[in-house]
Amino acid sequence: MEQISIPVEGMSCAACVARVERTLKNTPGVSGATVNLVTGKAGVEYDPEQVSVEQLVNIIRELGYQVPVEEIHLTVRGMSCAACVARVERAVSALPGVLKVTVSLPAEAARVAFYPGAVTAARIKEEIRGLGYEVEEKITGQEALDRERQARREEIRRQARNMLIAWPLAILVMLGMFRDVWIFPRFVPEFFMNTLFLWALTTPVVLIAGGQFFVHSFNGLRRGATDMNLLYATGIGAAYLIATINTLWPEAGFGGKGATFFESAALLTAFIVLGRYLEALTRGRTSEAIRKLINLQPKTARVIREGREVEIAADEVVPGDVVLVRPGESIPVDGKVIEGHSAVDESMITGESIPVEKKPGDEVIGATINKTGSFKFEATRVGRDTALARIIRLVEDAQATKAPVQKLADFVAGHFIAGVHVLALIVFLFWFFYGYHAFFRPDSHFILSPYSLAEVGVFGFSLLLSVTTLVISCPCALGLATPSAMMAGTGKGAENGILFKGADAVEAAAALQVIVFDKTGTITRGEPSLTDVIPAPGFEREELLKLAAAAEKNSEHPLGDAVVRGAEAAGLTPGEAEDFEAVPGHGIKARSRGRAILLGNRRLMEREGVPFEALLPRVESLEQDGKTAMLAAVDGRAAGVIAVADTLKVNVPQAIARLKKMGLRVILITGDNRRTAEAIARQAGIDRVLAEVLPQDKAEEVRKLQNEGLRVAMVGDGINDAPALASADVGMAIGTGTDVAKETGEVILIKADLRDVVTAIEVARATMRKVRQNLVWAFIYNSLGIPVAAGIFYPFTGLLVSPELAAFFMAMSSVSVTLNTLLLKRFVPSFQRGPGEPREGAGRPVPDPATQQ
Amino acid sequence: MADPARLSALVYTAISLAAAALFLLATYAAGVAYPPVARFGGAVWVFILSMIITMPLVIPYLNKRQKSPLLKKK
């Protein structure tokens, strides 16, 4: 019988308590249940053979109460391969009350979802610690950076110390073993050949530098778990043990003094330690993006408190504080400008290289740099709520998730160790019972070694091949292949203002075939702008626009606002208007500088008796293009046509053209009428339009495309896009859009620049290319290395791979996978590469069409 | 019910000893005059590898049986 305390939410009275208690007690396998209303906990005594924690939780939920699920983020240090990941996942998920465990090797992170009460965070940590790893709850921010850096430094220092012990001694051992060969007799003293001397040199290498492998494997085996440390421990241990027996008791019959493999034990350890050292050096570099982001956080802030300017730590700023920023300073937290003007460099957050003008009312983002003027702003979001903190969390979470392809690699690597030992046993039995007698040649040598194997007997020979197979089979390259590339890829995305919420988002984005764009706010600016000013004969364009703007100056209508903004952008100053009158459903009437102005639709002109037939073809043509055309009349005469429309965002045609070039199908989806939608699609270069689609039907349209077997991305910004974003294989939310869209999308484009859709797909494709390269390399290495180590070529060549050479290959495979991943840092998105398409324009205010005519 | 850790140890040690014993028998049955060190050294190596192979299989299997199959995660 076991006892468990399950938290229950939603109970309001004694009746609820009795209900939960009664139901639990009636459950087979439950011998007792006590529910406490005040503490909100159900204490259950149950038989785990008959009922599980999950079943108990489901029973409570079925009654209509909630059982909360908690999640902890842990930092787990000391994991070295995918087998360690599998080991931690297996051990933690076996704890009753644990729902889900995700462990990331490169991020050294574990995310555990559990029922509080059924299991505690302390129990989870204890389980991981029991496996021989260091564990602590994950912290964020500068402290996390400091601790991570310190831990990394300690690991590098530890492995450097091991190298300092292993390498000099291993080289001396090698000189001793090969003292008779080549030029060595000239300068290597004879006592180097003494086996006792060699044993004395090898022992500290194996026990001090290689001690870590024995400790880790013992801790794992005690709990029935294996990892690659076990491969090393058996390899090093076997070589050392045989050498020791042959040295101390040469008559024991293990081959005597001629079969001491000291150089194998020493060099094997030295190479594995070298691999560990290089891994410690390079592994941290793949997560540089996060480190760069964390480093952006300013340490101090200058705030106004009690009328005085005081400097405080940035994390002490509270919402509502008035913060003062001088030129050259970093903005400490997010807020809204209340006084002053400046230009702010937001490139570190948005990737936009041109400083953005800030005036009272504008929002500023923490960690961006104030360039020109001083200003004051009111803090709105601080600490964990700032845009930067949220970005850091998103990137961290993404790096802690697993891509489907990685799960396969983890599964293979996790089961590899047992498989490799089976293989080592088969290799041993084959050579012991058959191979040695059938193929042994007295001229046998190790590859790249003059060391003769002539004196080695059947046991030593079979053991050597068995040990070499163990050593060469280590799946560490396989374990590193996917997560290291995913970390580099998501980091690269973050550098370019693209946040992937998970590794699965990267994998899905790389495989996309169709991109569906929402229209309003995504492709277009989402507000009308002045597009055309067509004067009638006898009127000047500027005169017409000036008069129209003057008439609309007092209007609150968005169309009127567009006319006024258009005139201002063209450098005109609209005059004052008198006798303003809005005619509902028709337009407006006003007087300016003594002239009577009418601006509105056909009905207004008809009502006021203004002949406008000559302008009708222009009006119809503009309407055909999806624009809203307004007729203008001055002093009773038709003066021209003014058109406004929702205009394309900057760079949209380039982005669409590039997507098509990449082989993707592009579709526009909108609730707007077909004519307007098609006009916008024409300008953007989109061929297929899904118009007049209700918000709730957008998701259905996405599903229809998926049912055709297509992998679909939805790009949107609004609340109405959320269902479609969720239905799509990849939902891409525009960073300037609604919070709902951003929470739903798997990819967030921080800027409103649609070229980032292209960049996101390019980054995802480059990342998956790296994953595939790494996996292919790791599989090739293991599938070629194992038969060679098992002696497949020996019958024809008489050559064997020595255990130390196997260790060298193994270390190189991990290092080469990591180095290949680091090449991803050189990846530059195509829009930043082409000289014809400079990146500088990204996000700049849209040039008003009125000024371009 | 028996302590699962002790039961596991008993099972994997027994399997490994059986494998080592089989190996020894095979060295006699093979018709080759193996030196004693090769016979016994080989048996020890087979025992070690068998332990390493069976421990991670036997321990979780018996633990799971002890906890009942209902506890398996989805």
# chains A, B, ... in the order shown; residues from 1 in each chain; ligands from 1
>>> closest_atom_pairs(of="chain A", to="chain B", cutoff="10 Å", atoms="only C-alpha atoms", output="CSV")
residue,atom,partner,partner_atom,distance
A:Asp47,CA,B:Lys67,CA,8.7
A:Pro48,CA,B:Lys67,CA,5.5
A:Glu49,CA,B:Ser68,CA,4.1
A:Gln50,CA,B:Ser68,CA,6.8
A:Val51,CA,B:Leu70,CA,6.3
A:Ser52,CA,B:Leu71,CA,4.9
A:Val53,CA,B:Leu71,CA,7.3
A:Glu54,CA,B:Leu71,CA,7.7
A:Gln55,CA,B:Leu70,CA,8.4
A:Arg90,CA,B:Pro60,CA,9.3
A:Ala91,CA,B:Pro60,CA,9.3
A:Ser93,CA,B:Lys73,CA,7.5
A:Ala94,CA,B:Lys72,CA,7.9
A:Leu95,CA,B:Leu71,CA,9.4
A:Pro96,CA,B:Leu71,CA,7.5
A:Gly97,CA,B:Leu71,CA,9.5
A:Val98,CA,B:Lys73,CA,8.7
A:Leu99,CA,B:Lys73,CA,7.5
A:Lys100,CA,B:Lys73,CA,8.5
A:Gly220,CA,B:Pro56,CA,9.0
A:Leu221,CA,B:Met55,CA,6.9
A:Arg222,CA,B:Met55,CA,8.5
A:Arg223,CA,B:Ile59,CA,7.3
A:Gly224,CA,B:Pro56,CA,4.0
A:Ala225,CA,B:Pro56,CA,5.2
A:Thr226,CA,B:Pro56,CA,6.7
A:Leu230,CA,B:Ile52,CA,8.5
A:Leu231,CA,B:Ile52,CA,9.9
A:Thr234,CA,B:Leu49,CA,8.7
A:Ala238,CA,B:Trp45,CA,8.6
A:Ile242,CA,B:Gly41,CA,9.4
A:Ala252,CA,B:Val37,CA,7.3
A:Gly253,CA,B:Val37,CA,5.4
A:Phe254,CA,B:Val37,CA,5.9
A:Gly255,CA,B:Val37,CA,8.8
A:Ile417,CA,B:Ile53,CA,8.6
A:Ala418,CA,B:Ile53,CA,5.4
A:Gly419,CA,B:Ile53,CA,8.1
A:Val420,CA,B:Ile53,CA,9.1
A:His421,CA,B:Leu49,CA,6.3
A:Val422,CA,B:Ile53,CA,6.8
A:Leu423,CA,B:Leu49,CA,9.9
A:Ala424,CA,B:Leu49,CA,8.0
A:Leu425,CA,B:Leu49,CA,6.6
A:Ile426,CA,B:Val46,CA,9.8
A:Phe428,CA,B:Val46,CA,8.4
A:Leu429,CA,B:Val46,CA,8.6
A:Phe432,CA,B:Gly42,CA,8.3
A:Phe433,CA,B:Ala30,CA,7.4
A:Tyr434,CA,B:Ala30,CA,9.5
A:His437,CA,B:Val32,CA,9.3
A:Gly457,CA,B:Ala38,CA,8.1
A:Val458,CA,B:Ala38,CA,6.9
A:Phe459,CA,B:Ala38,CA,4.9
A:Gly460,CA,B:Ala38,CA,8.0
A:Ser462,CA,B:Gly42,CA,8.9
A:Leu463,CA,B:Trp45,CA,8.1
A:Ser466,CA,B:Trp45,CA,9.8
>>> write_last_selection(atoms="C-alpha atoms", output="PDB file, in the first residue's frame")
ATOM      1  CA  ASP A  47      -2.427  -0.283  -3.987  1.00  0.00           C
ATOM      2  CA  PRO A  48      -0.240   0.675  -6.979  1.00  0.00           C
ATOM      3  CA  GLU A  49      -0.755  -2.784  -8.425  1.00  0.00           C
ATOM      4  CA  GLN A  50      -4.444  -2.099  -8.851  1.00  0.00           C
ATOM      5  CA  VAL A  51      -4.741   1.622  -9.470  1.00  0.00           C
ATOM      6  CA  SER A  52      -2.393   4.317 -10.720  1.00  0.00           C
ATOM      7  CA  VAL A  53      -2.008   7.951  -9.684  1.00  0.00           C
ATOM      8  CA  GLU A  54      -3.191   8.995 -13.119  1.00  0.00           C
ATOM      9  CA  GLN A  55      -6.383   6.987 -12.710  1.00  0.00           C
ATOM     10  CA  ARG A  90      13.224   7.079 -17.601  1.00  0.00           C
ATOM     11  CA  ALA A  91      14.083   7.488 -13.920  1.00  0.00           C
ATOM     12  CA  SER A  93       8.976   9.443 -15.398  1.00  0.00           C
ATOM     13  CA  ALA A  94       8.910   6.270 -13.275  1.00  0.00           C
ATOM     14  CA  LEU A  95       8.112   8.381 -10.183  1.00  0.00           C
ATOM     15  CA  PRO A  96       4.403   8.174  -9.363  1.00  0.00           C
ATOM     16  CA  GLY A  97       2.727  11.506 -10.056  1.00  0.00           C
ATOM     17  CA  VAL A  98       5.086  12.582 -12.829  1.00  0.00           C
ATOM     18  CA  LEU A  99       3.205  13.387 -16.020  1.00  0.00           C
ATOM     19  CA  LYS A 100       5.840  14.351 -18.525  1.00  0.00           C
ATOM     20  CA  GLY A 220      23.794   4.251 -13.383  1.00  0.00           C
ATOM     21  CA  LEU A 221      24.080   0.482 -13.123  1.00  0.00           C
ATOM     22  CA  ARG A 222      22.879   0.558  -9.532  1.00  0.00           C
ATOM     23  CA  ARG A 223      19.588   1.904 -10.898  1.00  0.00           C
ATOM     24  CA  GLY A 224      19.518  -0.299 -13.932  1.00  0.00           C
ATOM     25  CA  ALA A 225      20.515   2.468 -16.332  1.00  0.00           C
ATOM     26  CA  THR A 226      23.431   2.559 -18.754  1.00  0.00           C
ATOM     27  CA  LEU A 230      29.871   2.368 -19.207  1.00  0.00           C
ATOM     28  CA  LEU A 231      31.408   1.817 -22.637  1.00  0.00           C
ATOM     29  CA  THR A 234      34.461  -1.447 -19.615  1.00  0.00           C
ATOM     30  CA  ALA A 238      39.414  -4.395 -19.337  1.00  0.00           C
ATOM     31  CA  ILE A 242      44.671  -7.433 -18.103  1.00  0.00           C
ATOM     32  CA  ALA A 252      48.821 -16.079 -14.383  1.00  0.00           C
ATOM     33  CA  GLY A 253      48.543 -17.019 -18.036  1.00  0.00           C
ATOM     34  CA  PHE A 254      46.899 -13.888 -19.494  1.00  0.00           C
ATOM     35  CA  GLY A 255      49.644 -13.575 -22.097  1.00  0.00           C
ATOM     36  CA  ILE A 417      24.457   0.929 -25.161  1.00  0.00           C
ATOM     37  CA  ALA A 418      22.830  -2.425 -24.420  1.00  0.00           C
ATOM     38  CA  GLY A 419      23.039  -3.247 -28.127  1.00  0.00           C
ATOM     39  CA  VAL A 420      26.730  -2.387 -28.212  1.00  0.00           C
ATOM     40  CA  HIS A 421      27.461  -4.671 -25.263  1.00  0.00           C
ATOM     41  CA  VAL A 422      25.557  -7.480 -26.989  1.00  0.00           C
ATOM     42  CA  LEU A 423      27.651  -6.769 -30.070  1.00  0.00           C
ATOM     43  CA  ALA A 424      30.864  -6.795 -28.006  1.00  0.00           C
ATOM     44  CA  LEU A 425      29.841 -10.174 -26.613  1.00  0.00           C
ATOM     45  CA  ILE A 426      29.135 -11.539 -30.093  1.00  0.00           C
ATOM     46  CA  PHE A 428      34.261 -11.794 -28.435  1.00  0.00           C
ATOM     47  CA  LEU A 429      32.552 -15.175 -28.928  1.00  0.00           C
ATOM     48  CA  PHE A 432      37.316 -16.746 -29.435  1.00  0.00           C
ATOM     49  CA  PHE A 433      35.633 -19.800 -30.898  1.00  0.00           C
ATOM     50  CA  TYR A 434      36.203 -19.321 -34.613  1.00  0.00           C
ATOM     51  CA  HIS A 437      41.794 -20.094 -35.219  1.00  0.00           C
ATOM     52  CA  GLY A 457      46.787 -15.424 -27.413  1.00  0.00           C
ATOM     53  CA  VAL A 458      43.198 -16.262 -28.270  1.00  0.00           C
ATOM     54  CA  PHE A 459      41.749 -14.610 -25.167  1.00  0.00           C
ATOM     55  CA  GLY A 460      43.781 -11.382 -25.422  1.00  0.00           C
ATOM     56  CA  SER A 462      39.280 -11.635 -28.761  1.00  0.00           C
ATOM     57  CA  LEU A 463      39.182  -9.304 -25.780  1.00  0.00           C
ATOM     58  CA  SER A 466      35.596  -6.778 -28.124  1.00  0.00           C
TER      59      SER A 466
END
>>> select_by_dssp(residues="region 582-813 of chain A", states="helix (DSSP H, G or I)", output="ChimeraX atom specification")
/A:602-608,613-624,652-661,674-684,695-707,719-727,739-744,755-789,794-797,803-813
>>> atom_distance(atom1="CA of Glu134 (chain A)", atom2="CA of Arg157 (chain A)")
16.5 Å
>>> select_by_dssp(residues="region 406-571 of chain A", states="strand (DSSP E or B)", output="list in words")
His445, Phe446, Ser452, Ile498, Leu499, Phe500, Val514, Ile515, Val516, Phe517, Asp518, Thr524, Arg525, Gly526, Glu527, Pro528, Ser529, Leu530, Thr531, Asp532, Val533, Ile534 and Pro535 of chain A
>>> closest_residue(among="A:Ala577, A:Val44, A:Leu725, A:Ala508", to="Glu700 (chain A)", atoms="only C-alpha atoms")
A:Leu725
>>> closest_residue(among="A:Pro829, A:Gly383, A:Gly176, A:Gly29", to="Pro189 (chain A)", atoms="only C-alpha atoms")
A:Gly176
>>> closest_residue(among="B:Leu22, B:Ala29, B:Leu10, B:Ile15", to="Ala43 (chain B)", atoms="only C-alpha atoms")
B:Leu22
>>> residues_around(residues="Asn774 (chain A)", least_positions_apart="2", cutoff="9 Å", atoms="only C-alpha atoms", output="VMD selection string")
chain A and resid 477 to 478 480 to 482 485 769 to 772 776 to 779 816 to 818 820 to 821
>>> atom_distance(atom1="CA of Val644 (chain A)", atom2="CA of Gly585 (chain A)")
16.8 Å
>>> residues_around(residues="Gly320 (chain A)", least_positions_apart="4", cutoff="10 Å", atoms="only C-alpha atoms", output="PyMOL selection string")
chain A and resi 335-336+377-382
>>> write_last_selection(atoms="C-alpha atoms", output="PDB file, in the first residue's frame")
ATOM      1  CA  GLY A 335       7.606  51.703 -20.871  1.00  0.00           C
ATOM      2  CA  LYS A 336       5.863  54.626 -22.526  1.00  0.00           C
ATOM      3  CA  PHE A 377       9.308  57.321 -19.704  1.00  0.00           C
ATOM      4  CA  GLU A 378       6.913  55.584 -17.420  1.00  0.00           C
ATOM      5  CA  ALA A 379       7.834  51.976 -16.684  1.00  0.00           C
ATOM      6  CA  THR A 380       5.030  49.649 -17.762  1.00  0.00           C
ATOM      7  CA  ARG A 381       6.609  46.195 -17.727  1.00  0.00           C
ATOM      8  CA  VAL A 382       9.497  45.161 -15.485  1.00  0.00           C
TER       9      VAL A 382
END
>>> decode(residues="region 1-27 of chain B", atoms="N, CA, C and O atoms", output="JSON list (two decimals), in the first residue's frame")
[["chain", "number", "residue", "atom", "x", "y", "z"],
["B", 1, "MET", "N", 5.72, -9.44, -0.67],
["B", 1, "MET", "CA", 6.45, -9.52, -1.95],
["B", 1, "MET", "C", 7.95, -9.26, -1.74],
["B", 1, "MET", "O", 8.32, -8.45, -0.89],
["B", 2, "ALA", "N", 8.81, -9.93, -2.51],
["B", 2, "ALA", "CA", 10.26, -9.79, -2.33],
["B", 2, "ALA", "C", 10.71, -8.38, -2.68],
["B", 2, "ALA", "O", 10.07, -7.71, -3.49],
["B", 3, "ASP", "N", 11.83, -7.95, -2.05],
["B", 3, "ASP", "CA", 12.38, -6.64, -2.35],
["B", 3, "ASP", "C", 12.82, -6.64, -3.83],
["B", 3, "ASP", "O", 13.62, -7.49, -4.25],
["B", 4, "PRO", "N", 12.27, -5.73, -4.65],
["B", 4, "PRO", "CA", 12.57, -5.79, -6.09],
["B", 4, "PRO", "C", 14.06, -5.66, -6.41],
["B", 4, "PRO", "O", 14.54, -6.28, -7.36],
["B", 5, "ALA", "N", 14.80, -4.85, -5.59],
["B", 5, "ALA", "CA", 16.23, -4.68, -5.86],
["B", 5, "ALA", "C", 16.97, -6.01, -5.68],
["B", 5, "ALA", "O", 17.81, -6.39, -6.50],
["B", 6, "ARG", "N", 16.59, -6.70, -4.58],
["B", 6, "ARG", "CA", 17.27, -7.98, -4.30],
["B", 6, "ARG", "C", 16.88, -9.03, -5.35],
["B", 6, "ARG", "O", 17.73, -9.77, -5.83],
["B", 7, "LEU", "N", 15.60, -9.00, -5.69],
["B", 7, "LEU", "CA", 15.11, -9.97, -6.69],
["B", 7, "LEU", "C", 15.81, -9.73, -8.03],
["B", 7, "LEU", "O", 16.25, -10.67, -8.69],
["B", 8, "SER", "N", 15.94, -8.44, -8.39],
["B", 8, "SER", "CA", 16.61, -8.10, -9.66],
["B", 8, "SER", "C", 18.04, -8.63, -9.63],
["B", 8, "SER", "O", 18.50, -9.25, -10.60],
["B", 9, "ALA", "N", 18.75, -8.35, -8.52],
["B", 9, "ALA", "CA", 20.16, -8.75, -8.41],
["B", 9, "ALA", "C", 20.27, -10.27, -8.58],
["B", 9, "ALA", "O", 21.18, -10.76, -9.26],
["B", 10, "LEU", "N", 19.33, -10.94, -7.97],
["B", 10, "LEU", "CA", 19.34, -12.41, -8.05],
["B", 10, "LEU", "C", 19.16, -12.87, -9.50],
["B", 10, "LEU", "O", 19.89, -13.73, -9.99],
["B", 11, "VAL", "N", 18.21, -12.23, -10.17],
["B", 11, "VAL", "CA", 17.89, -12.66, -11.54],
["B", 11, "VAL", "C", 19.05, -12.37, -12.49],
["B", 11, "VAL", "O", 19.50, -13.26, -13.22],
["B", 12, "TYR", "N", 19.58, -11.11, -12.47],
["B", 12, "TYR", "CA", 20.62, -10.82, -13.47],
["B", 12, "TYR", "C", 21.92, -11.54, -13.16],
["B", 12, "TYR", "O", 22.67, -11.91, -14.06],
["B", 13, "THR", "N", 22.19, -11.78, -11.88],
["B", 13, "THR", "CA", 23.41, -12.51, -11.56],
["B", 13, "THR", "C", 23.26, -13.97, -12.01],
["B", 13, "THR", "O", 24.20, -14.55, -12.58],
["B", 14, "ALA", "N", 22.08, -14.50, -11.81],
["B", 14, "ALA", "CA", 21.85, -15.90, -12.22],
["B", 14, "ALA", "C", 21.99, -16.05, -13.74],
["B", 14, "ALA", "O", 22.65, -16.97, -14.22],
["B", 15, "ILE", "N", 21.39, -15.09, -14.46],
["B", 15, "ILE", "CA", 21.47, -15.16, -15.94],
["B", 15, "ILE", "C", 22.93, -15.07, -16.39],
["B", 15, "ILE", "O", 23.39, -15.83, -17.24],
["B", 16, "SER", "N", 23.69, -14.13, -15.76],
["B", 16, "SER", "CA", 25.07, -13.91, -16.17],
["B", 16, "SER", "C", 25.94, -15.12, -15.82],
["B", 16, "SER", "O", 26.82, -15.51, -16.60],
["B", 17, "LEU", "N", 25.69, -15.70, -14.65],
["B", 17, "LEU", "CA", 26.44, -16.90, -14.26],
["B", 17, "LEU", "C", 26.13, -18.04, -15.23],
["B", 17, "LEU", "O", 27.05, -18.78, -15.62],
["B", 18, "ALA", "N", 24.88, -18.12, -15.62],
["B", 18, "ALA", "CA", 24.50, -19.18, -16.56],
["B", 18, "ALA", "C", 25.22, -18.97, -17.89],
["B", 18, "ALA", "O", 25.72, -19.94, -18.49],
["B", 19, "ALA", "N", 25.30, -17.70, -18.33],
["B", 19, "ALA", "CA", 25.98, -17.40, -19.59],
["B", 19, "ALA", "C", 27.46, -17.77, -19.49],
["B", 19, "ALA", "O", 28.04, -18.37, -20.42],
["B", 20, "ALA", "N", 28.08, -17.43, -18.35],
["B", 20, "ALA", "CA", 29.51, -17.73, -18.16],
["B", 20, "ALA", "C", 29.72, -19.25, -18.13],
["B", 20, "ALA", "O", 30.69, -19.78, -18.71],
["B", 21, "ALA", "N", 28.80, -19.94, -17.46],
["B", 21, "ALA", "CA", 28.92, -21.40, -17.37],
["B", 21, "ALA", "C", 28.77, -22.03, -18.76],
["B", 21, "ALA", "O", 29.52, -22.94, -19.12],
["B", 22, "LEU", "N", 27.83, -21.48, -19.53],
["B", 22, "LEU", "CA", 27.63, -21.98, -20.89],
["B", 22, "LEU", "C", 28.90, -21.78, -21.72],
["B", 22, "LEU", "O", 29.30, -22.65, -22.49],
["B", 23, "PHE", "N", 29.53, -20.62, -21.51],
["B", 23, "PHE", "CA", 30.77, -20.32, -22.22],
["B", 23, "PHE", "C", 31.84, -21.37, -21.87],
["B", 23, "PHE", "O", 32.52, -21.90, -22.75],
["B", 24, "LEU", "N", 31.95, -21.62, -20.57],
["B", 24, "LEU", "CA", 32.96, -22.59, -20.13],
["B", 24, "LEU", "C", 32.71, -23.95, -20.76],
["B", 24, "LEU", "O", 33.64, -24.60, -21.27],
["B", 25, "LEU", "N", 31.46, -24.35, -20.73],
["B", 25, "LEU", "CA", 31.10, -25.64, -21.32],
["B", 25, "LEU", "C", 31.47, -25.67, -22.81],
["B", 25, "LEU", "O", 32.00, -26.65, -23.31],
["B", 26, "ALA", "N", 31.20, -24.52, -23.47],
["B", 26, "ALA", "CA", 31.46, -24.43, -24.91],
["B", 26, "ALA", "C", 32.96, -24.59, -25.19],
["B", 26, "ALA", "O", 33.35, -25.16, -26.21],
["B", 27, "THR", "N", 33.82, -24.04, -24.28],
["B", 27, "THR", "CA", 35.27, -24.14, -24.51],
["B", 27, "THR", "C", 35.72, -25.61, -24.47],
["B", 27, "THR", "O", 36.68, -25.97, -25.14]]
